Amino acid sequence: MLAVLIGSTGVSYALPPCPGSHNFNTWTNCFGTVTHPNGTSNYFGEWKNGKMHGQGTFTRSNGDTYVGEWKNGKSNGQGTATHADGRIKEGIWKDNKFMSARKKSKPKPKVIAKRQPKKSKPKQTTSRPATPTKIYSAASGTGFAVINSGYVITNNHVIKGCMKVKIHQKGKTIPATVVSRDVLNDLALLKGDFKPSSVFKLSREAASLTDEIFVVGYPFGKKVSSSVKVTKGIVSSLTGVGNNFSNIQIDAALQPGNSGGPIVNEMGNVIGVAVAKLSFKNVLKKFGAIPENTNFGIKTSVVMNLLQGNNVKVKNPNRSKMKKSDLVQVMSDATYYLSCWMTMAQIKKMRSEKVIFSNVVTE
């Protein structure tokens, strides 16, 4: 896909975006996003004659996904289904049914010269204690406080695959509980046993083109420094890739580690959550140009749905422009570095989906 989660890998689509219409029955030879009205499923990929056709990704609200080939609205061809419980089916599909595993080429037979048998010495085995459950700090992201009782918003892909998630606040490390996930919209609600000194207020109004915004977070984790970073820009589009109306486009810089951070306007209200940027490699390959300042955030209206669904009540938004010093204070106090802890087995499994530290650190 042209847009990828910050630091993740993605599928490339060669077709142009589908036209800005909710009537996907007219879409053909394009790529676009359709979410079921009741929120149970989402499809992002190629279309033909109003049906899913070509390469695409189908996601259910329970976390099940299918990535691969489609024909006439059904999974047909090579594809991979990943279930929420970890089961994976990879191979050939026909009319939404798994037919057979991917065929592997047979290795060429090796010619081995005959040797005289040698008397083998008994092997000495040295037992090493296995530590399959030992966990390591393997990845990071950003989160922000929305209420004084310790609720924190971030991206679902920030905490995906983590055995433990920790909130780091002013030198303190606080274990986080995952309260809820919105897999389709890539959001997660965490809860820590602490009382934030400041919280962000959420805008109830839709963002407008050219609104000035700030992105707050921890790009590249703490590799550059341990302090919070801020980039500035504007709202450059009210939709995301493939006319995704749950996203906005911004020109403020995003880097791995910014995921889950707040996008804030001059009144100090959050208007979005940093989530993705254009894929450098895919855009260069498709268009022969280097993408610049094309990044994306999840609209606050989607965040509000997650909070309301979990009975989390937040404060009313600010109605006037904040003083610069007050805005900086909230950014510093209510934005958190999040660390993701995994076993070595999980780290190997997630390397294709997350930015994993080159040097992992144990507890």
# chains A, B, ... in the order shown; residues from 1 in each chain; ligands from 1
$ select_by_dssp --residues "stretch 203-308 of chain A" --states "strand (DSSP E)" --output "PyMOL selection string"
chain A and resi 212-217+229-237+247-250+262-265+269-278+295-299
$ residues_around --residues "A:Val152" --least-positions-apart "3" --cutoff "8 Å" --atoms "only C-alpha atoms" --output "CSV table (one decimal) with C-alpha atoms, in the first residue's frame"
chain,number,residue,atom,x,y,z
A,143,GLY,CA,0.8,7.6,24.0
A,144,PHE,CA,-1.1,10.5,25.6
A,145,ALA,CA,-3.3,11.0,28.7
A,146,VAL,CA,-7.0,11.9,28.1
A,147,ILE,CA,-8.3,11.7,31.7
A,189,LEU,CA,-6.9,2.3,25.1
A,190,LEU,CA,-4.5,1.6,28.0
A,191,LYS,CA,-4.8,2.1,31.7
A,192,GLY,CA,-2.0,2.8,34.2
$ residues_around --residues "A:Pro196" --least-positions-apart "5" --cutoff "9 Å" --atoms "only C-alpha atoms" --output "number ranges by chain"
A: 145, 147-150, 169, 333-334
$ closest_residue --among "A:Lys281, A:Arg181, A:Lys89, A:His53" --to "A:Leu306" --atoms "only C-alpha atoms"
A:Arg181
$ atom_distance --atom1 "atom CA of A:Thr133" --atom2 "atom CA of A:Thr343"
6.0 Å
$ residues_around --residues "A:Leu238" --least-positions-apart "5" --cutoff "7 Å" --atoms "only C-alpha atoms" --output "PyMOL selection string"
chain A and resi 209+247-249
$ write_last_selection --atoms "N, CA, C and O atoms" --output "PDB file, in the first residue's frame"
ATOM      1  N   LEU A 209      -8.977  22.287   6.494  1.00  0.00           N
ATOM      2  CA  LEU A 209      -7.767  22.425   5.689  1.00  0.00           C
ATOM      3  C   LEU A 209      -6.961  23.636   6.142  1.00  0.00           C
ATOM      4  O   LEU A 209      -7.528  24.687   6.459  1.00  0.00           O
ATOM      5  N   ASN A 247      -9.300   9.175   8.476  1.00  0.00           N
ATOM      6  CA  ASN A 247      -7.956   9.750   8.601  1.00  0.00           C
ATOM      7  C   ASN A 247      -7.908  11.183   8.090  1.00  0.00           C
ATOM      8  O   ASN A 247      -8.760  11.607   7.310  1.00  0.00           O
ATOM      9  N   ILE A 248      -6.895  11.909   8.548  1.00  0.00           N
ATOM     10  CA  ILE A 248      -6.527  13.195   7.968  1.00  0.00           C
ATOM     11  C   ILE A 248      -5.086  13.093   7.481  1.00  0.00           C
ATOM     12  O   ILE A 248      -4.335  12.218   7.913  1.00  0.00           O
ATOM     13  N   GLN A 249      -4.719  13.972   6.569  1.00  0.00           N
ATOM     14  CA  GLN A 249      -3.340  14.035   6.088  1.00  0.00           C
ATOM     15  C   GLN A 249      -2.693  15.303   6.619  1.00  0.00           C
ATOM     16  O   GLN A 249      -3.307  16.367   6.629  1.00  0.00           O
TER      17      GLN A 249
END
